[in-house]
Amino acid sequence: MSEPWLPEGWAHPTRVELSTGHHLRPIHPDDTELDMPAVMGSRERLWAIYGEAWGWPPATLTAEKDREDLQYHRDEELAHRSFNYALFDADETELIGCVYLDPTDKPGADADISWWVRDEYAGTPVEAALDALVPRWVAEDWPLRAPRYVGRDLSWAQWLALPDQDEDPGSGGSPATWGSTFPRTRPRTASGSGTPWVGADRPR
């Protein structure tokens with residue numbers, strides 16, 4: 001994408017209610033204690049969904065690394081580069097899943113969107129409510145022209161097979177590498193170690 005994926009000055013939603021009494025809000029580093037059991041308790045199924053594309057979640061994920069990842073998401077949210085919304089119960093005693101909204105460097109859309117719930121909520125009314133909510137919420141509250149629901153509109157294998165959009169020779173990289181869109185290769189890590197996240201190494 002050669003233009004910012006979101007309008008300058010646009011304010012992103014900070015809370016979205018589900019019909020089940022659950023809600024979405026942007027994830028925060030302080031959610032690590034709830035995020036770890038959600039992710040690692042459902043790791044095999046999440047890896048089957050996201051592993052080939054993102055290399056996530058790794059079997060070696062630690063609470064320290066997870067907190068770094070969630071800080072990364074917080075930074076991305078504040079900069080409007082990408083968004084990770086966590087699904088919570090009413091009192092936020094349990095993190096149930098996540099919704100990802102990302103700019104794309106693949107043709108045919110201006111955003112790639114996906115979501116998951118932990119194993120014990122798969123096939124339940126909570127998952128059905130989330131499935132119904134996300135496309136409606138995006139259509140009503142997000143200024144996107146052509147959102148693509150990966151894992152719904154097309155499989156992850158089909159998404160991976162899409163070509164990356166051509167780089168702008170004068171941009172210093174592809175639009176998804178710098179500026180307002182998510183970088184496929186990022187010139188930093190959450191820990192500041194200097195080793196970039198590349199492709200599937202993106203924190204989730």
# chains A, B, ... in the order shown; residues from 1 in each chain; ligands from 1
>>> residues_around(residues="Thr14 in chain A", least_positions_apart="5", cutoff="9 Å", atoms="only C-alpha atoms", output="ChimeraX atom specification")
/A:24-26,85
>>> residues_around(residues="Glu77 in chain A", least_positions_apart="4", cutoff="12 Å", atoms="only C-alpha atoms", output="list in words")
Leu6, Ala11, His12, Pro13, Thr14, Arg25, Pro26, Ile27, His28, Leu70, Gln71, Tyr72, His73, Arg81, Ser82, Phe83, Asn84, Tyr85, Tyr100, Leu101, Asp102, Ser180, Thr181 and Phe182 of chain A
>>> residues_around(residues="range 109-119 of chain A", least_positions_apart="6", cutoff="7 Å", atoms="only C-alpha atoms", output="count of residues only")
20
>>> select_by_dssp(residues="range 45-189 of chain A", states="helix (DSSP H, G or I)", output="ChimeraX atom specification")
/A:45-54,63-79,119-121,125-141,156-161
>>> atom_distance(atom1="CA of Ala59 in chain A", atom2="CA of Leu46 in chain A")
11.1 Å
>>> atom_distance(atom1="CA of Ile49 in chain A", atom2="CA of Ser155 in chain A")
9.4 Å
>>> atom_distance(atom1="CA of His22 in chain A", atom2="CA of Asp89 in chain A")
4.6 Å
>>> residues_around(residues="range 160-164 of chain A", least_positions_apart="2", cutoff="8 Å", atoms="only C-alpha atoms", output="PyMOL selection string")
chain A and resi 53+105-107+156-158+166
>>> closest_residue(among="A:Glu3, A:Val16, A:Glu76, A:Glu120", to="Glu140 in chain A", atoms="only C-alpha atoms")
A:Val16
>>> closest_residue(among="A:Arg152, A:Arg43, A:Lys65, A:His23", to="Ala86 in chain A", atoms="only C-alpha atoms")
A:His23
>>> select_by_dssp(residues="range 57-106 of chain A", states="strand (DSSP E or B)", output="PyMOL selection string")
chain A and resi 83-88+95-102
